[in-house]
Amino acid sequence: MALATAAQVRALAPGLSTADDSTIDALIARIDSAFARYCGHPMPDSGAQTMEAATYTTLPGRYDLGIEQDRAIVTLPTPPILSIASVHVDPEQDYGADTLLTAAEYVADGRRVELLVGATHSWSQLPRANRVVVSAGYVIASHPVLTEAAIVQAIHQIGNTSAAGSDSTSTRAGSRSVAPLSLLPEVREMLYDYRLAVP
């Protein structure tokens, strides 16, 4: 599911018609990537950066691990976790069945994965020993700010900038400067809560 539908965009732009839907859909995909870059989302295993659910293979190292009473916790450099596909703790980096933890050995909370008391392994501080594969991102239907506000605002900004790529444009009174095609301040404000913080 995309961040928004062409119909949502057209509902706020009477000048657009269904004939514009393929262009609108292409803009939505590009703006999704722009939002994800602004929010600090990493590249998923396939495709472009996105705010939507995607698969991420992560190799959390010692700087991602908690300390003292939080030593069973690792914070992933991904958007919020939707589900976990696999967790391995393998200093040999083979990631075989003997180092695969069962779903009963860990729990996900936001961007954190915590090993439970009965886990057969502890997080390793050795390079690339920990491997966690997750589906992470946002279920767009649950985030109306992304669908109905920021995405539509960004699309209309692009649509209203007929001089994109130019430093200035001609007007009746001479010329005027053209603002660069960057995310508007109000769009950045809407995305503030979606930015990834350093753990």
# chains A, B, ... in the order shown; residues from 1 in each chain; ligands from 1

$ residues_around --residues "Ala53 in chain A" --least-positions-apart "4" --cutoff "9 Å" --atoms "only C-alpha atoms" --output "count of residues only"
9

$ residues_around --residues "range 31-42 of chain A" --least-positions-apart "4" --cutoff "12 Å" --atoms "only C-alpha atoms" --output "count of residues only"
58

$ select_by_dssp --residues "chain A" --states "alpha helix (DSSP H)" --output "ChimeraX atom specification"
/A:6-11,21-38,144,151-159,185-191

$ write_last_selection --atoms "C-alpha atoms" --output "PDB file, in the first residue's frame"
ATOM      1  CA  ALA A   6      -4.070   9.104  -6.314  1.00  0.00           C
ATOM      2  CA  ALA A   7      -7.726   9.649  -5.360  1.00  0.00           C
ATOM      3  CA  GLN A   8      -6.684  11.256  -2.041  1.00  0.00           C
ATOM      4  CA  VAL A   9      -4.396  13.656  -3.879  1.00  0.00           C
ATOM      5  CA  ARG A  10      -7.037  14.466  -6.520  1.00  0.00           C
ATOM      6  CA  ALA A  11      -9.616  15.182  -3.811  1.00  0.00           C
ATOM      7  CA  ASP A  21      -3.049   9.018 -11.741  1.00  0.00           C
ATOM      8  CA  SER A  22       0.116   7.383 -13.102  1.00  0.00           C
ATOM      9  CA  THR A  23       2.075  10.623 -12.608  1.00  0.00           C
ATOM     10  CA  ILE A  24       0.641  11.045  -9.109  1.00  0.00           C
ATOM     11  CA  ASP A  25       1.571   7.446  -8.216  1.00  0.00           C
ATOM     12  CA  ALA A  26       5.158   8.010  -9.402  1.00  0.00           C
ATOM     13  CA  LEU A  27       5.381  11.183  -7.297  1.00  0.00           C
ATOM     14  CA  ILE A  28       4.015   9.364  -4.255  1.00  0.00           C
ATOM     15  CA  ALA A  29       6.756   6.714  -4.543  1.00  0.00           C
ATOM     16  CA  ARG A  30       9.478   9.361  -4.857  1.00  0.00           C
ATOM     17  CA  ILE A  31       8.131  11.383  -1.965  1.00  0.00           C
ATOM     18  CA  ASP A  32       7.956   8.235   0.165  1.00  0.00           C
ATOM     19  CA  SER A  33      11.708   7.801  -0.410  1.00  0.00           C
ATOM     20  CA  ALA A  34      12.347  11.492   0.339  1.00  0.00           C
ATOM     21  CA  PHE A  35      10.420  11.195   3.609  1.00  0.00           C
ATOM     22  CA  ALA A  36      12.366   8.061   4.567  1.00  0.00           C
ATOM     23  CA  ARG A  37      15.719   9.739   3.828  1.00  0.00           C
ATOM     24  CA  TYR A  38      14.725  12.777   5.881  1.00  0.00           C
ATOM     25  CA  PRO A 144      -3.005   9.608   8.852  1.00  0.00           C
ATOM     26  CA  ILE A 151       2.301  13.464   1.349  1.00  0.00           C
ATOM     27  CA  VAL A 152      -0.412  15.625  -0.233  1.00  0.00           C
ATOM     28  CA  GLN A 153       1.386  18.831   0.766  1.00  0.00           C
ATOM     29  CA  ALA A 154       4.630  17.609  -0.791  1.00  0.00           C
ATOM     30  CA  ILE A 155       2.934  16.537  -4.035  1.00  0.00           C
ATOM     31  CA  HIS A 156       1.197  19.879  -4.403  1.00  0.00           C
ATOM     32  CA  GLN A 157       4.478  21.693  -3.820  1.00  0.00           C
ATOM     33  CA  ILE A 158       6.031  19.811  -6.750  1.00  0.00           C
ATOM     34  CA  GLY A 159       2.944  20.309  -8.908  1.00  0.00           C
ATOM     35  CA  PRO A 185       9.088  23.387   6.826  1.00  0.00           C
ATOM     36  CA  GLU A 186       5.508  22.379   7.607  1.00  0.00           C
ATOM     37  CA  VAL A 187       6.093  18.939   6.051  1.00  0.00           C
ATOM     38  CA  ARG A 188       9.292  18.497   8.067  1.00  0.00           C
ATOM     39  CA  GLU A 189       7.346  19.433  11.186  1.00  0.00           C
ATOM     40  CA  MET A 190       4.728  16.759  10.411  1.00  0.00           C
ATOM     41  CA  LEU A 191       7.498  14.181  10.014  1.00  0.00           C
TER      42      LEU A 191
END

$ residues_around --residues "range 61-69 of chain A" --least-positions-apart "5" --cutoff "9 Å" --atoms "only C-alpha atoms" --output "ChimeraX atom specification"
/A:74-77,123-130,199

$ write_last_selection --atoms "all heavy atoms" --output "compact mmCIF listing (two decimals), in the first residue's frame"
# COMPACT_ATOMS: atom_id res chain seq x y z
N VAL A 74 18.95 -5.06 22.52
CA VAL A 74 19.67 -4.46 21.41
C VAL A 74 18.70 -3.52 20.69
O VAL A 74 17.51 -3.82 20.56
CB VAL A 74 20.23 -5.54 20.45
CG1 VAL A 74 19.11 -6.29 19.75
CG2 VAL A 74 21.16 -4.94 19.42
N THR A 75 19.20 -2.36 20.26
CA THR A 75 18.39 -1.41 19.51
C THR A 75 18.80 -1.47 18.05
O THR A 75 19.97 -1.30 17.72
CB THR A 75 18.57 0.02 20.05
OG1 THR A 75 18.20 0.04 21.43
CG2 THR A 75 17.68 1.00 19.29
N LEU A 76 17.82 -1.72 17.19
CA LEU A 76 18.11 -1.86 15.76
C LEU A 76 18.08 -0.51 15.05
O LEU A 76 17.26 0.35 15.39
CB LEU A 76 17.10 -2.80 15.10
CG LEU A 76 17.00 -4.21 15.68
CD1 LEU A 76 16.04 -5.04 14.84
CD2 LEU A 76 18.35 -4.88 15.76
N PRO A 77 18.92 -0.33 14.04
CA PRO A 77 18.92 0.91 13.27
C PRO A 77 17.87 0.89 12.17
O PRO A 77 18.15 1.15 10.99
CB PRO A 77 20.34 0.94 12.69
CG PRO A 77 20.66 -0.50 12.49
CD PRO A 77 20.00 -1.23 13.63
N TRP A 123 23.57 -11.81 23.62
CA TRP A 123 24.11 -11.00 22.54
C TRP A 123 25.64 -11.03 22.59
O TRP A 123 26.24 -10.99 23.65
CB TRP A 123 23.64 -9.54 22.66
CG TRP A 123 22.18 -9.33 22.51
CD1 TRP A 123 21.33 -8.79 23.44
CD2 TRP A 123 21.37 -9.61 21.37
NE1 TRP A 123 20.05 -8.74 22.95
CE2 TRP A 123 20.04 -9.24 21.68
CE3 TRP A 123 21.61 -10.17 20.12
CZ2 TRP A 123 18.98 -9.39 20.79
CZ3 TRP A 123 20.57 -10.32 19.22
CH2 TRP A 123 19.26 -9.92 19.56
N SER A 124 26.25 -11.09 21.44
CA SER A 124 27.71 -11.12 21.34
C SER A 124 28.23 -9.72 21.02
O SER A 124 27.56 -8.94 20.34
CB SER A 124 28.14 -12.09 20.24
OG SER A 124 29.53 -12.03 20.04
N GLN A 125 29.41 -9.41 21.50
CA GLN A 125 30.05 -8.14 21.15
C GLN A 125 31.04 -8.30 20.00
O GLN A 125 31.69 -7.33 19.60
CB GLN A 125 30.75 -7.55 22.38
CG GLN A 125 29.78 -7.15 23.47
CD GLN A 125 30.36 -6.14 24.44
OE1 GLN A 125 31.45 -5.61 24.24
NE2 GLN A 125 29.62 -5.85 25.48
N LEU A 126 31.14 -9.50 19.47
CA LEU A 126 32.03 -9.72 18.34
C LEU A 126 31.41 -9.17 17.06
O LEU A 126 30.19 -9.17 16.90
CB LEU A 126 32.31 -11.21 18.18
CG LEU A 126 33.10 -11.85 19.33
CD1 LEU A 126 33.20 -13.36 19.13
CD2 LEU A 126 34.49 -11.23 19.44
N PRO A 127 32.23 -8.71 16.12
CA PRO A 127 31.71 -8.13 14.88
C PRO A 127 30.84 -9.11 14.10
O PRO A 127 31.21 -10.27 13.92
CB PRO A 127 32.98 -7.77 14.09
CG PRO A 127 34.05 -7.67 15.12
CD PRO A 127 33.69 -8.65 16.19
N ARG A 128 29.69 -8.66 13.66
CA ARG A 128 28.76 -9.39 12.79
C ARG A 128 28.26 -10.70 13.39
O ARG A 128 27.76 -11.57 12.68
CB ARG A 128 29.40 -9.64 11.41
CG ARG A 128 29.85 -8.39 10.70
CD ARG A 128 30.52 -8.69 9.37
NE ARG A 128 29.56 -9.21 8.40
CZ ARG A 128 28.76 -8.48 7.63
NH1 ARG A 128 28.82 -7.15 7.71
NH2 ARG A 128 27.93 -9.04 6.78
N ALA A 129 28.39 -10.84 14.70
CA ALA A 129 27.93 -12.08 15.35
C ALA A 129 26.41 -12.11 15.50
O ALA A 129 25.80 -13.17 15.42
CB ALA A 129 28.59 -12.25 16.71
N ASN A 130 25.81 -10.95 15.73
CA ASN A 130 24.36 -10.87 15.90
C ASN A 130 23.71 -10.53 14.56
O ASN A 130 24.14 -9.58 13.89
CB ASN A 130 24.01 -9.77 16.91
CG ASN A 130 24.76 -9.94 18.22
OD1 ASN A 130 24.78 -11.01 18.80
ND2 ASN A 130 25.40 -8.87 18.68
N PRO A 199 20.06 5.63 19.27
CA PRO A 199 19.70 4.98 20.54
C PRO A 199 20.57 5.45 21.70
O PRO A 199 21.68 5.85 21.51
CB PRO A 199 19.93 3.50 20.25
CG PRO A 199 20.39 3.36 18.86
CD PRO A 199 20.51 4.70 18.26

$ residues_around --residues "Thr102 in chain A" --least-positions-apart "2" --cutoff "9 Å" --atoms "only C-alpha atoms" --output "count of residues only"
8

$ closest_residue --among "A:Pro60, A:Arg71, A:Ala108, A:Arg131" --to "Glu92 in chain A" --atoms "only C-alpha atoms"
A:Arg131

$ closest_residue --among "A:Leu12, A:Pro91, A:Ser122, A:Ala149" --to "Asp70 in chain A" --atoms "only C-alpha atoms"
A:Ser122

$ residues_around --residues "His121 in chain A" --least-positions-apart "3" --cutoff "8 Å" --atoms "only C-alpha atoms" --output "list in words"
Val89, Thr99 and Leu101 of chain A

$ write_last_selection --atoms "all heavy atoms" --output "PDB file, in the first residue's frame"
ATOM      1  N   VAL A  89      22.605 -15.517  16.973  1.00  0.00           N
ATOM      2  CA  VAL A  89      23.797 -15.061  17.691  1.00  0.00           C
ATOM      3  C   VAL A  89      24.879 -16.072  17.352  1.00  0.00           C
ATOM      4  O   VAL A  89      24.871 -17.202  17.859  1.00  0.00           O
ATOM      5  CB  VAL A  89      23.573 -14.972  19.211  1.00  0.00           C
ATOM      6  CG1 VAL A  89      24.853 -14.497  19.901  1.00  0.00           C
ATOM      7  CG2 VAL A  89      22.421 -14.033  19.542  1.00  0.00           C
ATOM      8  N   THR A  99      22.399 -21.719  15.830  1.00  0.00           N
ATOM      9  CA  THR A  99      22.498 -20.396  16.466  1.00  0.00           C
ATOM     10  C   THR A  99      21.222 -19.579  16.285  1.00  0.00           C
ATOM     11  O   THR A  99      21.193 -18.390  16.618  1.00  0.00           O
ATOM     12  CB  THR A  99      23.686 -19.610  15.877  1.00  0.00           C
ATOM     13  OG1 THR A  99      23.478 -19.423  14.473  1.00  0.00           O
ATOM     14  CG2 THR A  99      25.004 -20.341  16.124  1.00  0.00           C
ATOM     15  N   LEU A 101      17.665 -18.439  17.340  1.00  0.00           N
ATOM     16  CA  LEU A 101      16.825 -18.402  18.536  1.00  0.00           C
ATOM     17  C   LEU A 101      15.376 -18.633  18.149  1.00  0.00           C
ATOM     18  O   LEU A 101      14.942 -18.252  17.059  1.00  0.00           O
ATOM     19  CB  LEU A 101      16.961 -17.049  19.240  1.00  0.00           C
ATOM     20  CG  LEU A 101      18.192 -16.876  20.152  1.00  0.00           C
ATOM     21  CD1 LEU A 101      19.477 -16.840  19.355  1.00  0.00           C
ATOM     22  CD2 LEU A 101      18.057 -15.619  20.992  1.00  0.00           C
TER      23      LEU A 101
END

$ select_by_dssp --residues "range 26-178 of chain A" --states "strand (DSSP E or B)" --output "PyMOL selection string"
chain A and resi 52+54-58+65+73-75+81-89+100+106-109+112-115+130-136+138+168-171+174-177

$ decode --residues "range 32-185 of chain A" --atoms "C-alpha atoms" --output "PDB file, in the first residue's frame"
ATOM      1  CA  ASP A  32       7.956   8.235   0.165  1.00  0.00           C
ATOM      2  CA  SER A  33      11.708   7.801  -0.410  1.00  0.00           C
ATOM      3  CA  ALA A  34      12.347  11.492   0.339  1.00  0.00           C
ATOM      4  CA  PHE A  35      10.420  11.195   3.609  1.00  0.00           C
ATOM      5  CA  ALA A  36      12.366   8.061   4.567  1.00  0.00           C
ATOM      6  CA  ARG A  37      15.719   9.739   3.828  1.00  0.00           C
ATOM      7  CA  TYR A  38      14.725  12.777   5.881  1.00  0.00           C
ATOM      8  CA  CYS A  39      13.644  10.521   8.757  1.00  0.00           C
ATOM      9  CA  GLY A  40      16.953   8.632   8.682  1.00  0.00           C
ATOM     10  CA  HIS A  41      15.598   5.257   7.590  1.00  0.00           C
ATOM     11  CA  PRO A  42      18.239   2.837   6.284  1.00  0.00           C
ATOM     12  CA  MET A  43      18.026   1.027   2.968  1.00  0.00           C
ATOM     13  CA  PRO A  44      15.859  -2.101   3.198  1.00  0.00           C
ATOM     14  CA  ASP A  45      16.998  -5.447   1.821  1.00  0.00           C
ATOM     15  CA  SER A  46      15.401  -4.572  -1.528  1.00  0.00           C
ATOM     16  CA  GLY A  47      13.935  -1.469  -3.104  1.00  0.00           C
ATOM     17  CA  ALA A  48      14.302   2.161  -2.128  1.00  0.00           C
ATOM     18  CA  GLN A  49      14.123   3.741   1.299  1.00  0.00           C
ATOM     19  CA  THR A  50      10.524   3.792   2.449  1.00  0.00           C
ATOM     20  CA  MET A  51       8.240   4.711   5.313  1.00  0.00           C
ATOM     21  CA  GLU A  52       6.221   1.557   4.689  1.00  0.00           C
ATOM     22  CA  ALA A  53       6.897  -1.950   5.959  1.00  0.00           C
ATOM     23  CA  ALA A  54      10.054  -3.462   4.468  1.00  0.00           C
ATOM     24  CA  THR A  55      12.527  -6.228   5.316  1.00  0.00           C
ATOM     25  CA  TYR A  56      15.813  -5.269   6.993  1.00  0.00           C
ATOM     26  CA  THR A  57      18.731  -7.573   7.750  1.00  0.00           C
ATOM     27  CA  THR A  58      20.670  -5.979  10.589  1.00  0.00           C
ATOM     28  CA  LEU A  59      23.964  -6.878  12.246  1.00  0.00           C
ATOM     29  CA  PRO A  60      23.756  -5.040  15.575  1.00  0.00           C
ATOM     30  CA  GLY A  61      27.160  -4.541  17.162  1.00  0.00           C
ATOM     31  CA  ARG A  62      28.390  -3.630  20.607  1.00  0.00           C
ATOM     32  CA  TYR A  63      27.295   0.008  20.311  1.00  0.00           C
ATOM     33  CA  ASP A  64      23.703  -1.153  19.752  1.00  0.00           C
ATOM     34  CA  LEU A  65      23.692  -3.222  22.953  1.00  0.00           C
ATOM     35  CA  GLY A  66      22.346  -2.073  26.281  1.00  0.00           C
ATOM     36  CA  ILE A  67      24.540  -2.051  29.379  1.00  0.00           C
ATOM     37  CA  GLU A  68      24.157  -3.359  32.915  1.00  0.00           C
ATOM     38  CA  GLN A  69      20.493  -4.232  33.559  1.00  0.00           C
ATOM     39  CA  ASP A  70      19.724  -3.584  29.852  1.00  0.00           C
ATOM     40  CA  ARG A  71      22.402  -5.921  28.503  1.00  0.00           C
ATOM     41  CA  ALA A  72      19.745  -8.274  27.096  1.00  0.00           C
ATOM     42  CA  ILE A  73      18.456  -5.468  24.842  1.00  0.00           C
ATOM     43  CA  VAL A  74      19.671  -4.459  21.405  1.00  0.00           C
ATOM     44  CA  THR A  75      18.387  -1.405  19.512  1.00  0.00           C
ATOM     45  CA  LEU A  76      18.114  -1.858  15.759  1.00  0.00           C
ATOM     46  CA  PRO A  77      18.925   0.914  13.267  1.00  0.00           C
ATOM     47  CA  THR A  78      15.528   0.455  11.588  1.00  0.00           C
ATOM     48  CA  PRO A  79      12.064   1.986  11.815  1.00  0.00           C
ATOM     49  CA  PRO A  80       9.755   0.413  14.449  1.00  0.00           C
ATOM     50  CA  ILE A  81       9.663  -3.386  14.228  1.00  0.00           C
ATOM     51  CA  LEU A  82       6.440  -4.950  12.949  1.00  0.00           C
ATOM     52  CA  SER A  83       7.617  -8.565  13.141  1.00  0.00           C
ATOM     53  CA  ILE A  84      10.823 -10.549  13.538  1.00  0.00           C
ATOM     54  CA  ALA A  85      11.758 -13.146  10.936  1.00  0.00           C
ATOM     55  CA  SER A  86      14.888 -14.493  12.632  1.00  0.00           C
ATOM     56  CA  VAL A  87      17.464 -13.838  15.347  1.00  0.00           C
ATOM     57  CA  HIS A  88      20.911 -15.420  15.255  1.00  0.00           C
ATOM     58  CA  VAL A  89      23.797 -15.061  17.691  1.00  0.00           C
ATOM     59  CA  ASP A  90      26.752 -16.632  15.908  1.00  0.00           C
ATOM     60  CA  PRO A  91      30.368 -15.499  16.373  1.00  0.00           C
ATOM     61  CA  GLU A  92      31.304 -17.786  13.441  1.00  0.00           C
ATOM     62  CA  GLN A  93      28.922 -15.835  11.163  1.00  0.00           C
ATOM     63  CA  ASP A  94      27.433 -18.996   9.659  1.00  0.00           C
ATOM     64  CA  TYR A  95      23.936 -18.176  10.986  1.00  0.00           C
ATOM     65  CA  GLY A  96      22.949 -21.815  10.976  1.00  0.00           C
ATOM     66  CA  ALA A  97      20.103 -23.583  12.750  1.00  0.00           C
ATOM     67  CA  ASP A  98      22.247 -24.166  15.853  1.00  0.00           C
ATOM     68  CA  THR A  99      22.498 -20.396  16.466  1.00  0.00           C
ATOM     69  CA  LEU A 100      18.898 -19.542  15.562  1.00  0.00           C
ATOM     70  CA  LEU A 101      16.825 -18.402  18.536  1.00  0.00           C
ATOM     71  CA  THR A 102      13.199 -19.449  18.785  1.00  0.00           C
ATOM     72  CA  ALA A 103      10.415 -16.867  18.914  1.00  0.00           C
ATOM     73  CA  ALA A 104       9.914 -17.719  22.602  1.00  0.00           C
ATOM     74  CA  GLU A 105      13.421 -16.442  23.415  1.00  0.00           C
ATOM     75  CA  TYR A 106      12.986 -12.768  22.552  1.00  0.00           C
ATOM     76  CA  VAL A 107      10.439  -9.978  22.349  1.00  0.00           C
ATOM     77  CA  ALA A 108      10.284  -6.850  20.181  1.00  0.00           C
ATOM     78  CA  ASP A 109       9.334  -3.403  21.461  1.00  0.00           C
ATOM     79  CA  GLY A 110       9.559  -0.450  19.076  1.00  0.00           C
ATOM     80  CA  ARG A 111      13.083  -0.687  17.658  1.00  0.00           C
ATOM     81  CA  ARG A 112      14.375  -2.875  20.483  1.00  0.00           C
ATOM     82  CA  VAL A 113      14.762  -6.644  20.698  1.00  0.00           C
ATOM     83  CA  GLU A 114      15.108  -8.081  24.198  1.00  0.00           C
ATOM     84  CA  LEU A 115      16.353 -11.573  24.919  1.00  0.00           C
ATOM     85  CA  LEU A 116      14.208 -13.267  27.547  1.00  0.00           C
ATOM     86  CA  VAL A 117      15.524 -15.060  30.615  1.00  0.00           C
ATOM     87  CA  GLY A 118      15.258 -18.483  28.962  1.00  0.00           C
ATOM     88  CA  ALA A 119      17.207 -17.522  25.824  1.00  0.00           C
ATOM     89  CA  THR A 120      19.828 -20.069  24.770  1.00  0.00           C
ATOM     90  CA  HIS A 121      22.293 -17.336  23.705  1.00  0.00           C
ATOM     91  CA  SER A 122      23.354 -13.878  24.890  1.00  0.00           C
ATOM     92  CA  TRP A 123      24.109 -10.995  22.542  1.00  0.00           C
ATOM     93  CA  SER A 124      27.706 -11.117  21.343  1.00  0.00           C
ATOM     94  CA  GLN A 125      30.054  -8.139  21.150  1.00  0.00           C
ATOM     95  CA  LEU A 126      32.033  -9.724  18.338  1.00  0.00           C
ATOM     96  CA  PRO A 127      31.709  -8.126  14.878  1.00  0.00           C
ATOM     97  CA  ARG A 128      28.758  -9.388  12.788  1.00  0.00           C
ATOM     98  CA  ALA A 129      27.932 -12.082  15.348  1.00  0.00           C
ATOM     99  CA  ASN A 130      24.361 -10.867  15.902  1.00  0.00           C
ATOM    100  CA  ARG A 131      21.982 -10.989  12.951  1.00  0.00           C
ATOM    101  CA  VAL A 132      18.349  -9.902  13.239  1.00  0.00           C
ATOM    102  CA  VAL A 133      15.991  -9.942  10.236  1.00  0.00           C
ATOM    103  CA  VAL A 134      12.838  -7.901  10.712  1.00  0.00           C
ATOM    104  CA  SER A 135       9.881  -6.379   8.944  1.00  0.00           C
ATOM    105  CA  ALA A 136       9.911  -2.752  10.047  1.00  0.00           C
ATOM    106  CA  GLY A 137       8.198   0.482   9.088  1.00  0.00           C
ATOM    107  CA  TYR A 138       4.710   1.878   9.333  1.00  0.00           C
ATOM    108  CA  VAL A 139       1.303   0.446   8.575  1.00  0.00           C
ATOM    109  CA  ILE A 140       0.226   3.498   6.641  1.00  0.00           C
ATOM    110  CA  ALA A 141      -3.483   3.176   7.419  1.00  0.00           C
ATOM    111  CA  SER A 142      -2.614   3.776  11.086  1.00  0.00           C
ATOM    112  CA  HIS A 143      -0.676   6.990  10.360  1.00  0.00           C
ATOM    113  CA  PRO A 144      -3.005   9.608   8.852  1.00  0.00           C
ATOM    114  CA  VAL A 145      -0.360  12.347   9.141  1.00  0.00           C
ATOM    115  CA  LEU A 146       1.686  10.529   6.512  1.00  0.00           C
ATOM    116  CA  THR A 147      -1.240   9.846   4.203  1.00  0.00           C
ATOM    117  CA  GLU A 148      -3.539  12.820   4.389  1.00  0.00           C
ATOM    118  CA  ALA A 149      -1.261  15.707   5.247  1.00  0.00           C
ATOM    119  CA  ALA A 150       2.471  15.513   4.552  1.00  0.00           C
ATOM    120  CA  ILE A 151       2.301  13.464   1.349  1.00  0.00           C
ATOM    121  CA  VAL A 152      -0.412  15.625  -0.233  1.00  0.00           C
ATOM    122  CA  GLN A 153       1.386  18.831   0.766  1.00  0.00           C
ATOM    123  CA  ALA A 154       4.630  17.609  -0.791  1.00  0.00           C
ATOM    124  CA  ILE A 155       2.934  16.537  -4.035  1.00  0.00           C
ATOM    125  CA  HIS A 156       1.197  19.879  -4.403  1.00  0.00           C
ATOM    126  CA  GLN A 157       4.478  21.693  -3.820  1.00  0.00           C
ATOM    127  CA  ILE A 158       6.031  19.811  -6.750  1.00  0.00           C
ATOM    128  CA  GLY A 159       2.944  20.309  -8.908  1.00  0.00           C
ATOM    129  CA  ASN A 160       2.912  24.040  -8.250  1.00  0.00           C
ATOM    130  CA  THR A 161       6.598  24.520  -9.067  1.00  0.00           C
ATOM    131  CA  SER A 162       6.576  24.860 -12.827  1.00  0.00           C
ATOM    132  CA  ALA A 163      10.160  26.137 -12.843  1.00  0.00           C
ATOM    133  CA  ALA A 164      11.660  23.138 -11.054  1.00  0.00           C
ATOM    134  CA  GLY A 165      15.411  22.949 -11.595  1.00  0.00           C
ATOM    135  CA  SER A 166      15.743  26.678 -12.321  1.00  0.00           C
ATOM    136  CA  ASP A 167      17.215  29.441 -10.159  1.00  0.00           C
ATOM    137  CA  SER A 168      14.636  31.972 -11.319  1.00  0.00           C
ATOM    138  CA  THR A 169      11.539  32.281 -13.480  1.00  0.00           C
ATOM    139  CA  SER A 170      10.091  35.084 -15.579  1.00  0.00           C
ATOM    140  CA  THR A 171       7.123  37.052 -14.289  1.00  0.00           C
ATOM    141  CA  ARG A 172       5.175  40.011 -15.598  1.00  0.00           C
ATOM    142  CA  ALA A 173       7.282  42.334 -13.449  1.00  0.00           C
ATOM    143  CA  GLY A 174      10.625  40.792 -14.397  1.00  0.00           C
ATOM    144  CA  SER A 175      11.797  37.644 -12.638  1.00  0.00           C
ATOM    145  CA  ARG A 176      11.680  36.007  -9.241  1.00  0.00           C
ATOM    146  CA  SER A 177      13.795  33.469  -7.422  1.00  0.00           C
ATOM    147  CA  VAL A 178      12.581  29.879  -7.329  1.00  0.00           C
ATOM    148  CA  ALA A 179      12.784  27.988  -4.051  1.00  0.00           C
ATOM    149  CA  PRO A 180      14.608  24.651  -4.262  1.00  0.00           C
ATOM    150  CA  LEU A 181      12.501  21.496  -4.258  1.00  0.00           C
ATOM    151  CA  SER A 182      13.140  20.472  -0.671  1.00  0.00           C
ATOM    152  CA  LEU A 183      10.657  19.405   1.956  1.00  0.00           C
ATOM    153  CA  LEU A 184       8.647  22.368   3.163  1.00  0.00           C
ATOM    154  CA  PRO A 185       9.088  23.387   6.826  1.00  0.00           C
TER     155      PRO A 185
END
